[in-house]
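Have a look at entry_30.pdb below; it lists PDB, C-alpha atoms.
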```pdb
ATOM      1  CA  MET W 257      11.356 -21.503  -3.474
ATOM      2  CA  GLU W 258       8.415 -22.927  -1.536
ATOM      3  CA  ASP W 259       8.429 -23.330   2.198
ATOM      4  CA  LEU W 260       8.515 -26.909   3.468
ATOM      5  CA  ASP W 261       4.833 -27.141   4.451
ATOM      6  CA  THR W 262       3.727 -26.062   0.977
ATOM      7  CA  LEU W 263       6.165 -28.479  -0.649
ATOM      8  CA  VAL W 264       4.836 -31.365   1.475
ATOM      9  CA  LEU W 265       1.205 -30.571   0.624
ATOM     10  CA  ARG W 266       1.901 -30.113  -3.079
ATOM     11  CA  THR W 267       3.917 -33.335  -3.322
ATOM     12  CA  ALA W 268       1.281 -35.327  -1.414
ATOM     13  CA  LEU W 269      -1.383 -34.056  -3.826
ATOM     14  CA  HIS W 270       0.811 -34.939  -6.804
ATOM     15  CA  TRP W 271       1.324 -38.491  -5.566
ATOM     16  CA  HIS W 272      -2.380 -38.871  -4.816
ATOM     17  CA  ALA W 273      -3.248 -37.670  -8.342
ATOM     18  CA  GLN W 274      -0.979 -40.447  -9.666
ATOM     19  CA  SER W 275      -3.126 -42.955  -7.728
ATOM     20  CA  LEU W 276      -0.293 -43.708  -5.295
ATOM     21  CA  PRO W 277      -1.305 -44.447  -1.695
ATOM     22  CA  VAL W 278      -0.062 -41.550   0.469
ATOM     23  CA  ILE W 279       0.160 -40.883   4.195
ATOM     24  CA  LEU W 280       0.398 -37.360   5.590
ATOM     25  CA  VAL W 281       2.313 -37.413   8.888
ATOM     26  CA  THR W 282       1.965 -34.593  11.430
ATOM     27  CA  VAL W 283       4.001 -34.063  14.591
ATOM     28  CA  ALA W 284       1.116 -33.591  17.031
ATOM     29  CA  ARG W 285       2.958 -33.380  20.366
ATOM     30  CA  THR W 286       6.451 -33.656  21.782
ATOM     31  CA  TRP W 287       7.881 -34.136  25.275
ATOM     32  CA  GLY W 288      11.473 -33.361  26.187
ATOM     33  CA  SER W 289      13.903 -32.643  23.384
ATOM     34  CA  SER W 290      12.814 -33.463  19.849
ATOM     35  CA  PRO W 291      14.399 -32.806  16.454
ATOM     36  CA  ARG W 292      11.216 -31.368  14.879
ATOM     37  CA  PRO W 293       8.581 -29.134  16.529
ATOM     38  CA  PRO W 294       4.823 -29.803  16.762
ATOM     39  CA  GLY W 295       3.087 -29.049  13.487
ATOM     40  CA  SER W 296       5.917 -30.389  11.308
ATOM     41  CA  LEU W 297       4.700 -32.275   8.247
ATOM     42  CA  MET W 298       5.935 -35.195   6.183
ATOM     43  CA  ALA W 299       4.348 -37.228   3.392
ATOM     44  CA  ILE W 300       5.190 -40.839   2.492
ATOM     45  CA  ASN W 301       3.888 -42.695  -0.543
ATOM     46  CA  GLY W 302       3.403 -46.434  -0.978
ATOM     47  CA  ARG W 303       6.867 -46.797  -2.526
ATOM     48  CA  GLY W 304       8.465 -45.373   0.611
ATOM     49  CA  GLU W 305       9.379 -42.035  -0.972
ATOM     50  CA  THR W 306       9.216 -39.086   1.421
ATOM     51  CA  VAL W 307       9.090 -35.305   1.526
ATOM     52  CA  GLY W 308       9.447 -33.291   4.723
ATOM     53  CA  SER W 309      10.546 -34.733   8.058
ATOM     54  CA  VAL W 310       9.380 -35.478  11.601
ATOM     55  CA  SER W 311      12.707 -36.371  13.246
ATOM     56  CA  GLY W 312      16.403 -36.604  12.541
ATOM     57  CA  GLY W 313      15.783 -39.552  10.234
ATOM     58  CA  CYS W 314      15.369 -42.651  12.413
ATOM     59  CA  ILE W 315      11.604 -42.350  12.843
ATOM     60  CA  GLU W 316      11.313 -41.775   9.100
ATOM     61  CA  ASP W 317      13.258 -44.997   8.555
ATOM     62  CA  ASP W 318      10.829 -46.916  10.759
ATOM     63  CA  LEU W 319       7.778 -45.465   9.006
ATOM     64  CA  ILE W 320       9.223 -46.208   5.568
ATOM     65  CA  TYR W 321       9.942 -49.794   6.636
ATOM     66  CA  ARG W 322       6.394 -50.264   7.927
ATOM     67  CA  ILE W 323       4.798 -48.897   4.786
ATOM     68  CA  ARG W 324       7.012 -50.897   2.445
ATOM     69  CA  GLU W 325       6.495 -54.115   4.399
ATOM     70  CA  GLU W 326       2.821 -53.756   5.314
ATOM     71  CA  GLY W 327       1.378 -51.184   2.916
ATOM     72  CA  VAL W 328      -0.565 -48.007   3.621
ATOM     73  CA  GLN W 329      -3.881 -49.888   3.926
ATOM     74  CA  VAL W 330      -2.513 -52.055   6.748
ATOM     75  CA  VAL W 331      -0.659 -49.292   8.584
ATOM     76  CA  CYS W 332      -3.785 -47.115   8.524
ATOM     77  CA  ALA W 333      -6.398 -49.818   8.950
ATOM     78  CA  GLY W 334      -9.783 -49.010   7.485
ATOM     79  CA  ASN W 335      -8.213 -46.047   5.699
ATOM     80  CA  LEU W 336      -8.471 -44.099   8.958
ATOM     81  CA  PRO W 337      -5.930 -41.926  10.803
ATOM     82  CA  LEU W 338      -3.550 -43.545  13.277
ATOM     83  CA  VAL W 339      -1.782 -42.041  16.302
ATOM     84  CA  LEU W 340       1.747 -43.335  16.971
ATOM     85  CA  ARG W 341       4.078 -42.484  19.830
ATOM     86  CA  TYR W 342       7.859 -42.850  19.614
ATOM     87  CA  GLY W 343      10.406 -42.575  22.372
ATOM     88  CA  ILE W 344       8.444 -43.579  25.465
ATOM     89  CA  SER W 345      11.254 -45.739  26.824
ATOM     90  CA  ALA W 346      14.983 -45.051  27.012
ATOM     91  CA  ASP W 347      15.496 -47.943  24.588
ATOM     92  CA  GLN W 348      13.157 -46.378  22.040
ATOM     93  CA  ALA W 349      14.772 -43.000  22.515
ATOM     94  CA  HIS W 350      18.158 -44.540  21.729
ATOM     95  CA  ARG W 351      16.772 -46.604  18.844
ATOM     96  CA  PHE W 352      15.038 -43.678  17.153
ATOM     97  CA  GLY W 353      17.690 -41.094  17.859
ATOM     98  CA  LEU W 354      15.550 -38.939  20.138
ATOM     99  CA  PRO W 355      17.845 -36.792  22.309
ATOM    100  CA  CYS W 356      17.473 -36.774  26.092
ATOM    101  CA  GLY W 357      14.720 -39.370  26.050
ATOM    102  CA  GLY W 358      12.378 -37.139  24.072
ATOM    103  CA  THR W 359       8.958 -38.403  22.997
ATOM    104  CA  VAL W 360       7.172 -37.640  19.733
ATOM    105  CA  GLU W 361       3.491 -38.278  19.017
ATOM    106  CA  LEU W 362       2.542 -38.506  15.355
ATOM    107  CA  VAL W 363      -0.746 -38.616  13.472
ATOM    108  CA  LEU W 364      -0.678 -40.683  10.277
ATOM    109  CA  GLU W 365      -3.461 -39.669   7.887
ATOM    110  CA  PRO W 366      -4.162 -41.584   4.660
ATOM    111  CA  VAL W 367      -4.642 -38.969   1.951
ATOM    112  CA  SER W 368      -7.992 -39.056   0.165
ATOM    113  CA  ALA W 369     -10.639 -36.648  -1.099
ATOM    114  CA  LEU W 370     -11.681 -36.292   2.539
ATOM    115  CA  SER W 371      -8.281 -34.696   3.321
ATOM    116  CA  ARG W 372      -9.118 -31.561   1.304
ATOM    117  CA  LEU W 373      -5.437 -30.911   0.668
ATOM    118  CA  ASP W 374      -6.223 -29.099  -2.589
ATOM    119  CA  GLU W 375      -8.342 -26.535  -0.732
ATOM    120  CA  LEU W 376      -5.727 -26.199   1.991
ATOM    121  CA  LEU W 377      -2.950 -25.603  -0.534
ATOM    122  CA  LEU W 378      -5.040 -23.013  -2.389
ATOM    123  CA  ALA W 379      -5.719 -21.153   0.872
ATOM    124  CA  CYS W 380      -1.988 -21.036   1.644
ATOM    125  CA  GLU W 381      -1.223 -19.742  -1.855
ATOM    126  CA  GLN W 382      -3.860 -17.026  -1.400
ATOM    127  CA  ARG W 383      -2.196 -16.047   1.903
ATOM    128  CA  ARG W 384      -5.149 -17.134   4.020
ATOM    129  CA  SER W 385      -4.596 -18.675   7.456
ATOM    130  CA  ILE W 386      -6.510 -21.886   8.030
ATOM    131  CA  GLU W 387      -7.488 -23.985  11.026
ATOM    132  CA  ARG W 388      -7.703 -27.630   9.930
ATOM    133  CA  THR W 389      -9.609 -30.180  12.016
ATOM    134  CA  LEU W 390      -9.092 -33.883  11.267
ATOM    135  CA  ASP W 391     -11.697 -36.276  12.693
ATOM    136  CA  LEU W 392      -9.657 -39.276  13.838
ATOM    137  CA  LEU W 393     -12.721 -41.536  13.839
ATOM    138  CA  THR W 394     -13.880 -40.832  10.261
ATOM    139  CA  GLY W 395     -10.984 -39.156   8.415
ATOM    140  CA  GLN W 396     -13.205 -36.180   7.592
ATOM    141  CA  VAL W 397     -11.526 -32.778   7.510
ATOM    142  CA  GLU W 398     -13.028 -29.395   8.321
ATOM    143  CA  LEU W 399     -11.341 -26.169   7.198
ATOM    144  CA  ARG W 400     -12.059 -22.739   8.595
ATOM    145  CA  THR W 401     -10.395 -19.346   8.736
ATOM    146  CA  GLY W 402      -8.006 -19.267  11.671
ATOM    147  CA  GLN W 403      -4.606 -18.194  12.914
ATOM    148  CA  ARG W 404      -1.364 -18.936  11.098
ATOM    149  CA  ASP W 405       0.647 -20.073  14.085
ATOM    150  CA  GLY W 406      -0.302 -22.248  16.996
ATOM    151  CA  LEU W 407       0.468 -25.602  18.558
ATOM    152  CA  PRO W 408      -1.538 -28.561  17.273
ATOM    153  CA  GLN W 409      -4.305 -29.799  19.541
ATOM    154  CA  LEU W 410      -4.817 -33.562  19.782
ATOM    155  CA  ASP W 411      -7.369 -35.597  21.702
ATOM    156  CA  GLU W 412      -8.908 -39.022  21.176
ATOM    157  CA  HIS W 413     -11.366 -37.679  18.612
ATOM    158  CA  LYS W 414      -9.591 -34.988  16.578
ATOM    159  CA  LEU W 415      -6.381 -33.248  15.543
ATOM    160  CA  ILE W 416      -6.429 -29.476  15.019
ATOM    161  CA  THR W 417      -3.541 -27.873  13.126
ATOM    162  CA  TYR W 418      -2.863 -24.382  11.813
ATOM    163  CA  LEU W 419      -1.442 -23.579   8.398
ATOM    164  CA  GLY W 420      -1.160 -20.432   6.366
ATOM    165  CA  PRO W 421       0.857 -18.205   4.108
ATOM    166  CA  GLN W 422       4.519 -18.667   3.385
ATOM    167  CA  ALA W 423       6.814 -16.142   5.015
ATOM    168  CA  ARG W 424       7.415 -13.327   2.532
ATOM    169  CA  ILE W 425      10.040 -10.620   2.193
ATOM    170  CA  ILE W 426       9.713  -7.465   0.118
ATOM    171  CA  VAL W 427      13.132  -6.020  -0.728
ATOM    172  CA  ILE W 428      13.386  -2.418  -1.917
ATOM    173  CA  GLY W 429      16.377  -2.001  -4.224
ATOM    174  CA  ALA W 430      18.149  -4.240  -6.747
ATOM    175  CA  SER W 431      21.807  -4.361  -5.708
ATOM    176  CA  ASP W 432      24.597  -6.756  -4.765
ATOM    177  CA  LEU W 433      23.428  -6.577  -1.150
ATOM    178  CA  SER W 434      19.861  -7.413  -2.091
ATOM    179  CA  ARG W 435      21.046 -10.332  -4.231
ATOM    180  CA  TYR W 436      22.811 -11.936  -1.263
ATOM    181  CA  LEU W 437      19.860 -11.185   1.016
ATOM    182  CA  CYS W 438      17.462 -12.793  -1.458
ATOM    183  CA  GLN W 439      19.644 -15.898  -1.731
ATOM    184  CA  PHE W 440      19.525 -16.307   2.060
ATOM    185  CA  ALA W 441      15.775 -15.675   2.108
ATOM    186  CA  LEU W 442      15.106 -18.243  -0.620
ATOM    187  CA  SER W 443      17.130 -20.894   1.196
ATOM    188  CA  LEU W 444      15.055 -20.191   4.322
ATOM    189  CA  GLY W 445      11.790 -20.795   2.452
ATOM    190  CA  PHE W 446      10.675 -17.175   2.040
ATOM    191  CA  GLU W 447       8.691 -15.913  -0.914
ATOM    192  CA  VAL W 448      10.881 -13.076  -2.249
ATOM    193  CA  ILE W 449       9.890  -9.919  -4.136
ATOM    194  CA  VAL W 450      12.389  -7.247  -5.185
ATOM    195  CA  CYS W 451      11.142  -3.764  -6.047
ATOM    196  CA  ASP W 452      13.183  -1.202  -7.973
ATOM    197  CA  PRO W 453      11.688   1.330 -10.403
ATOM    198  CA  ARG W 454      15.172   2.254 -11.700
ATOM    199  CA  GLU W 455      15.648   0.491 -15.024
ATOM    200  CA  GLU W 456      19.442   0.730 -14.913
ATOM    201  CA  TYR W 457      19.492  -1.230 -11.649
ATOM    202  CA  ARG W 458      16.977  -3.867 -12.781
ATOM    203  CA  ALA W 459      18.631  -4.459 -16.165
ATOM    204  CA  SER W 460      21.368  -6.779 -14.891
ATOM    205  CA  TRP W 461      19.601  -7.997 -11.744
ATOM    206  CA  GLN W 462      17.979 -11.396 -11.846
ATOM    207  CA  LEU W 463      17.775 -14.375  -9.542
ATOM    208  CA  PRO W 464      15.763 -17.557 -10.136
ATOM    209  CA  GLY W 465      12.786 -17.761  -7.805
ATOM    210  CA  VAL W 466      12.605 -14.004  -7.164
ATOM    211  CA  VAL W 467       9.849 -11.760  -8.524
ATOM    212  CA  VAL W 468      11.246  -8.403  -9.682
ATOM    213  CA  SER W 469       8.846  -5.435  -9.805
ATOM    214  CA  ASP W 470       9.295  -2.064 -11.492
ATOM    215  CA  ASP W 471       6.540  -0.473  -9.400
ATOM    216  CA  MET W 472       7.200   2.523  -7.220
ATOM    217  CA  PRO W 473       7.750   1.152  -3.696
ATOM    218  CA  ASP W 474       4.649   2.753  -2.193
ATOM    219  CA  ASP W 475       2.470   1.408  -5.018
ATOM    220  CA  LEU W 476       3.850  -2.108  -4.503
ATOM    221  CA  ILE W 477       3.329  -2.024  -0.730
ATOM    222  CA  LEU W 478      -0.251  -0.810  -1.157
ATOM    223  CA  ARG W 479      -0.936  -3.508  -3.768
ATOM    224  CA  LEU W 480       0.579  -6.396  -1.803
ATOM    225  CA  GLN W 481      -0.888  -5.339   1.568
ATOM    226  CA  PRO W 482       1.832  -6.778   3.880
ATOM    227  CA  ASP W 483       0.411  -9.170   6.460
ATOM    228  CA  THR W 484       1.784 -10.644   9.672
ATOM    229  CA  ARG W 485       3.907 -13.071   7.632
ATOM    230  CA  THR W 486       5.619 -10.308   5.635
ATOM    231  CA  ALA W 487       8.930  -8.509   6.168
ATOM    232  CA  VAL W 488       9.851  -5.290   4.357
ATOM    233  CA  ILE W 489      13.476  -4.170   4.071
ATOM    234  CA  ALA W 490      14.651  -1.002   2.306
ATOM    235  CA  LEU W 491      18.171  -1.203   0.849
ATOM    236  CA  THR W 492      18.569   1.618  -1.700
ATOM    237  CA  HIS W 493      20.095   4.355   0.517
ATOM    238  CA  ASP W 494      17.816   6.683  -1.500
ATOM    239  CA  PRO W 495      15.223   8.394   0.735
ATOM    240  CA  LYS W 496      12.964   8.984  -2.271
ATOM    241  CA  LEU W 497      12.576   5.207  -2.618
ATOM    242  CA  ASP W 498      13.190   3.842   0.870
ATOM    243  CA  ASP W 499      10.897   6.312   2.623
ATOM    244  CA  LEU W 500       8.070   5.635   0.179
ATOM    245  CA  ALA W 501       8.149   1.955   1.133
ATOM    246  CA  LEU W 502       8.547   2.595   4.857
ATOM    247  CA  ILE W 503       5.626   5.040   5.157
ATOM    248  CA  ASP W 504       3.080   2.389   4.199
ATOM    249  CA  ALA W 505       4.931  -0.646   5.559
ATOM    250  CA  LEU W 506       5.126   0.869   9.061
ATOM    251  CA  GLN W 507       1.350   1.255   9.061
ATOM    252  CA  SER W 508       0.768  -2.365   8.010
ATOM    253  CA  PRO W 509       0.763  -5.592  10.092
ATOM    254  CA  ALA W 510       4.180  -6.595   8.657
ATOM    255  CA  PHE W 511       6.154  -8.459  11.326
ATOM    256  CA  TYR W 512       9.389  -6.682  10.373
ATOM    257  CA  VAL W 513      10.148  -3.334   8.733
ATOM    258  CA  GLY W 514      13.754  -2.242   8.384
ATOM    259  CA  ALA W 515      16.200  -0.091   6.445
ATOM    260  CA  ILE W 516      19.974   0.087   6.100
ATOM    261  CA  GLY W 517      22.039   3.165   6.864
ATOM    262  CA  SER W 518      24.305   4.618   9.495
ATOM    263  CA  ARG W 519      23.044   5.519  12.937
ATOM    264  CA  ARG W 520      22.940   9.182  11.933
ATOM    265  CA  ASN W 521      21.045   8.458   8.721
ATOM    266  CA  SER W 522      18.628   6.219  10.594
ATOM    267  CA  GLU W 523      17.811   8.975  13.074
ATOM    268  CA  GLN W 524      17.397  11.462  10.231
ATOM    269  CA  ARG W 525      15.031   9.020   8.548
ATOM    270  CA  ARG W 526      12.926   8.716  11.682
ATOM    271  CA  GLU W 527      12.779  12.495  11.966
ATOM    272  CA  ARG W 528      11.630  12.826   8.320
ATOM    273  CA  LEU W 529       8.929  10.214   8.817
ATOM    274  CA  ARG W 530       7.851  11.857  12.062
ATOM    275  CA  THR W 531       7.828  15.443  10.822
ATOM    276  CA  HIS W 532       6.732  15.209   7.202
ATOM    277  CA  PHE W 533       4.569  12.086   7.159
ATOM    278  CA  ASP W 534       3.119  12.072  10.679
ATOM    279  CA  ILE W 535       4.156   8.466  11.404
ATOM    280  CA  ALA W 536       3.203   7.565  14.966
ATOM    281  CA  GLU W 537       5.981   7.161  17.517
ATOM    282  CA  PRO W 538       5.277   3.452  18.261
ATOM    283  CA  ALA W 539       5.664   2.678  14.550
ATOM    284  CA  LEU W 540       8.920   4.628  14.384
ATOM    285  CA  GLN W 541      10.263   2.751  17.389
ATOM    286  CA  ALA W 542       9.379  -0.533  15.666
ATOM    287  CA  LEU W 543      11.472   0.424  12.618
ATOM    288  CA  HIS W 544      14.682  -1.631  12.508
ATOM    289  CA  GLY W 545      17.349   0.816  11.488
ATOM    290  CA  PRO W 546      20.201   0.324  11.069
ATOM    291  CA  ALA W 547      18.831  -3.094  10.102
ATOM    292  CA  GLY W 548      20.555  -6.268  11.220
ATOM    293  CA  LEU W 549      22.197  -8.010  14.151
ATOM    294  CA  TYR W 550      25.661  -6.914  15.143
ATOM    295  CA  ILE W 551      28.289  -9.303  13.720
ATOM    296  CA  ALA W 552      30.859  -6.631  12.742
ATOM    297  CA  SER W 553      29.808  -7.161   9.135
ATOM    298  CA  LYS W 554      31.765  -5.366   6.417
ATOM    299  CA  THR W 555      31.060  -6.995   3.035
ATOM    300  CA  PRO W 556      27.666  -7.110   1.252
ATOM    301  CA  VAL W 557      27.225 -10.815   1.992
ATOM    302  CA  GLU W 558      28.017 -10.318   5.690
ATOM    303  CA  ILE W 559      25.587  -7.404   5.893
ATOM    304  CA  ALA W 560      22.925  -9.530   4.173
ATOM    305  CA  LEU W 561      23.528 -12.318   6.702
ATOM    306  CA  SER W 562      23.202  -9.829   9.561
ATOM    307  CA  ILE W 563      19.878  -8.487   8.249
ATOM    308  CA  MET W 564      18.427 -11.902   7.468
ATOM    309  CA  ALA W 565      19.385 -13.169  10.921
ATOM    310  CA  GLU W 566      17.462 -10.295  12.517
ATOM    311  CA  ILE W 567      14.421 -10.920  10.302
ATOM    312  CA  VAL W 568      14.358 -14.607  11.259
ATOM    313  CA  ALA W 569      14.824 -13.762  14.940
ATOM    314  CA  VAL W 570      11.842 -11.380  14.882
ATOM    315  CA  LYS W 571       9.752 -13.888  12.918
ATOM    316  CA  ASN W 572      10.479 -16.501  15.568
ATOM    317  CA  GLY W 573       9.601 -14.193  18.443
ATOM    318  CA  ILE W 574      13.145 -13.333  19.544
ATOM    319  CA  SER W 575      13.754  -9.627  19.989
ATOM    320  CA  GLN W 576      16.007  -7.185  21.802
ATOM    321  CA  PRO W 577      17.601  -7.378  24.313
ATOM    322  CA  GLN W 578      17.942 -11.108  23.573
ATOM    323  CA  THR W 579      19.668 -10.148  20.313
ATOM    324  CA  THR W 580      22.186  -7.377  19.719
ATOM    325  CA  ALA W 581      20.999  -4.939  17.085
ATOM    326  CA  VAL W 582      23.504  -3.219  14.822
ATOM    327  CA  VAL W 583      22.963   0.133  16.497
ATOM    328  CA  VAL W 584      23.708  -1.379  19.937
ATOM    329  CA  GLY W 585      26.746  -3.330  18.769
ATOM    330  CA  LYS W 586      28.304  -0.332  17.049
ATOM    331  CA  THR W 587      27.764   1.780  20.151
ATOM    332  CA  LEU W 588      29.457  -0.836  22.318
ATOM    333  CA  TYR W 589      32.264  -1.992  20.084
ATOM    334  CA  GLU W 590      32.980   0.627  17.439
ATOM    335  CA  SER W 591      33.631   4.348  17.204
ATOM    336  CA  PRO W 592      30.571   6.584  16.646
ATOM    337  CA  SER W 593      29.437   7.276  13.068
TER     338      SER W 593
END
```

Encoded form using structure tokens:
Amino acid sequence: MEDLDTLVLRTALHWHAQSLPVILVTVARTWGSSPRPPGSLMAINGRGETVGSVSGGCIEDDLIYRIREEGVQVVCAGNLPLVLRYGISADQAHRFGLPCGGTVELVLEPVSALSRLDELLLACEQRRSIERTLDLLTGQVELRTGQRDGLPQLDEHKLITYLGPQARIIVIGASDLSRYLCQFALSLGFEVIVCDPREEYRASWQLPGVVVSDDMPDDLILRLQPDTRTAVIALTHDPKLDDLALIDALQSPAFYVGAIGSRRNSEQRRERLRTHFDIAEPALQALHGPAGLYIASKTPVEIALSIMAEIVAVKNGISQPQTTAVVVGKTLYESPS
């Protein structure tokens, strides 16, 4: 399953290829509470069809009405970008469903060859981070290598946005637990890869949208080169497989590296990695093990939810002690194991 940004770009390109007029809408700035953060994307074609979102729905309704009634060429006069602000007054906030009087500033960009969406989409698929600069006076777009995350920058002349690779998760082990974890990850817009060299485990394991690899875990990690948008989670309980993945993943820029197991097994794993593979102490401390947030999980689906919640929290910049890791929760609420 594609993440929402990729889906918006791909759909906008598809509509444009069908000779439909298309507007790409970007949330450039917000003040107060707003349903969608800066950088959110939406595309609308001349028929009023949409993909993505910029609010809870009311602003979309207004944009659809404008485009259906006036047409893309009128809304974006001269085929040039337009800046719109919603929610300045209390009346507008109520009308457009903006909570607490929030304000949203949008940039409407008519899609054309100048938009370079095909190049932008290709860069995202190749896991390259891009800084995109839209000239508001001409509609010209400049693309350059940049950071993946960052707030858009808008002034009277240009809009700068940052786009890049889809969040990715590499799961070591094909099991019931990994199946539930992959289902959660897919619904959250992650690219998902499952690695298990054991044929008997792979034989009955399949899930639409998931790539299944028979590589040895260390070979796969070295081939994929985890980046700052990649999480690696080891789920086999087999040190011969889990440790192989962790050795290389812990020395990569992956934003999350974790493994399941009891507290005792997790400490034994750290000692193996420290003693036999010379993994540096900061990397060992960054290893999430036992993986997951404490929710007193018992079943495979609950454990998968716990792990996926921790991965999303780390991806979004939330870390301990703002969350309760499994190891902390078990120490506080359960008997030692």

TODO: Starting from the displayed file, determine the output of the PyMOL selection byres ((chain W and resi 361) around 9) and express the residue list as an MDAnalysis selection string.
DONE: chainID W and resid 282:287 294 339:343 359:360 362:363

Task: Two-atom distance - atom CA of W:Ser371, atom CA of W:Asn335 (Å) - done: 11.6 Å

TODO: Quick one: pull the distance between atom CA of W:Ile428 and atom CA of W:Ala501, Å, one decimal.
DONE: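 Interatomic distance, atom CA of W:Ile428 to atom CA of W:Ala501: 7.5 Å.
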
TODO: Quick one: everything within 10 Å of W:Leu543, counting all atoms listed in the file, minus sequence neighbours fewer than 5 positions away in the same chain. Send it as an MDAnalysis selection string.
DONE: chainID W and resid 489 502 505:506 512:515 522 526 537:538

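What separates atom CA of W:Val310 from atom CA of W:Arg292 is a distance of 5.6 Å.
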
Task: Evaluate the PyMOL selection byres ((chain W and resi 510) around 9) and report residues as a list of chain:residue names - done: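 The output of the PyMOL selection byres ((chain W and resi 510) around 9) on this file is W:Gln481, W:Pro482, W:Asp483, W:Thr484, W:Arg485, W:Thr486, W:Ala487, W:Val488, W:Ala505, W:Leu506, W:Gln507, W:Ser508, W:Pro509, W:Phe511, W:Tyr512, W:Val513.
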
What box, with edges along x, y and z, holds each listed atom of stretch 418-437 of chain W when 3 Å is added on every side, and can you state its centre and edge lengths in Å to one decimal, as lines of an AutoDock Vina configuration file?
```
center_x = 10.9
center_y = -13.2
center_z = 2.5
size_x = 33.5
size_y = 28.4
size_z = 24.6
```

Task: the PyMOL selection byres ((chain W and resi 497) around 9) resolved against shown file, as a count of residues only - done: 18

Task: Expected answer as a PyMOL selection string: all residues with atoms within 10 Å of (-0.1, -43.0, 2.2), all atoms listed in the file - done: chain W and resi 268+271-272+276-281+299-304+323+327-329+331-332+335+364-368

- [ ] Pick out the residues sitting within 8 Å of W:Gln382, and hand them over as a ChimeraX atom specification; count all atoms listed in the file, and ignore anything fewer than 3 positions along from it in its own chain.
- [x] /W:378-379,421

Could you dump the residues just selected with C-alpha atoms as a PDB file, in the frame of the given file?
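Here's the written file again.pdb:
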```
ATOM      1  CA  LEU W 378      -5.040 -23.013  -2.389  1.00  0.00           C
ATOM      2  CA  ALA W 379      -5.719 -21.153   0.872  1.00  0.00           C
ATOM      3  CA  PRO W 421       0.857 -18.205   4.108  1.00  0.00           C
TER       4      PRO W 421
END
```

Open item on the list: Which residue is closest to W:Ile559? Choose from W:Arg322, W:Lys571, W:Arg519, W:Arg435 and count all atoms listed in the file.
Closed with: W:Arg435

Task: Counting all atoms listed in the file, the residue of W:Asp432, W:Asp261, W:Asp318, W:Asp475 that sits nearest W:Arg458 - done: W:Asp432

Which protein, DNA or RNA residues are at most 12 Å from (-8.1, -36.6, 22.7) in the file's coordinates when you count only C-alpha atoms, listed as a PDB file with C-alpha atoms, keeping the file's coordinate frame?
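Output saved as part20.pdb:
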```
ATOM      1  CA  ALA W 284       1.116 -33.591  17.031  1.00  0.00           C
ATOM      2  CA  ARG W 285       2.958 -33.380  20.366  1.00  0.00           C
ATOM      3  CA  VAL W 339      -1.782 -42.041  16.302  1.00  0.00           C
ATOM      4  CA  VAL W 363      -0.746 -38.616  13.472  1.00  0.00           C
ATOM      5  CA  LEU W 390      -9.092 -33.883  11.267  1.00  0.00           C
ATOM      6  CA  ASP W 391     -11.697 -36.276  12.693  1.00  0.00           C
ATOM      7  CA  LEU W 392      -9.657 -39.276  13.838  1.00  0.00           C
ATOM      8  CA  LEU W 393     -12.721 -41.536  13.839  1.00  0.00           C
ATOM      9  CA  PRO W 408      -1.538 -28.561  17.273  1.00  0.00           C
ATOM     10  CA  GLN W 409      -4.305 -29.799  19.541  1.00  0.00           C
ATOM     11  CA  LEU W 410      -4.817 -33.562  19.782  1.00  0.00           C
ATOM     12  CA  ASP W 411      -7.369 -35.597  21.702  1.00  0.00           C
ATOM     13  CA  GLU W 412      -8.908 -39.022  21.176  1.00  0.00           C
ATOM     14  CA  HIS W 413     -11.366 -37.679  18.612  1.00  0.00           C
ATOM     15  CA  LYS W 414      -9.591 -34.988  16.578  1.00  0.00           C
ATOM     16  CA  LEU W 415      -6.381 -33.248  15.543  1.00  0.00           C
ATOM     17  CA  ILE W 416      -6.429 -29.476  15.019  1.00  0.00           C
TER      18      ILE W 416
END
```

Open item on the list: With only C-alpha atoms as the counted atoms, please give the residues lying no more than 8 Å from W:Ala560, apart from itself and same-chain residues fewer than 4 positions off, as a ChimeraX atom specification.
Closed with: /W:433-434,436-437,440,556,564

Open item on the list: When you count all atoms listed in the file, which of these residues is closest to W:Ser275: W:Thr555, W:Ser443, W:Ala369, W:Glu316?
Closed with: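 Among the listed residues, W:Ala369 lies closest to W:Ser275.
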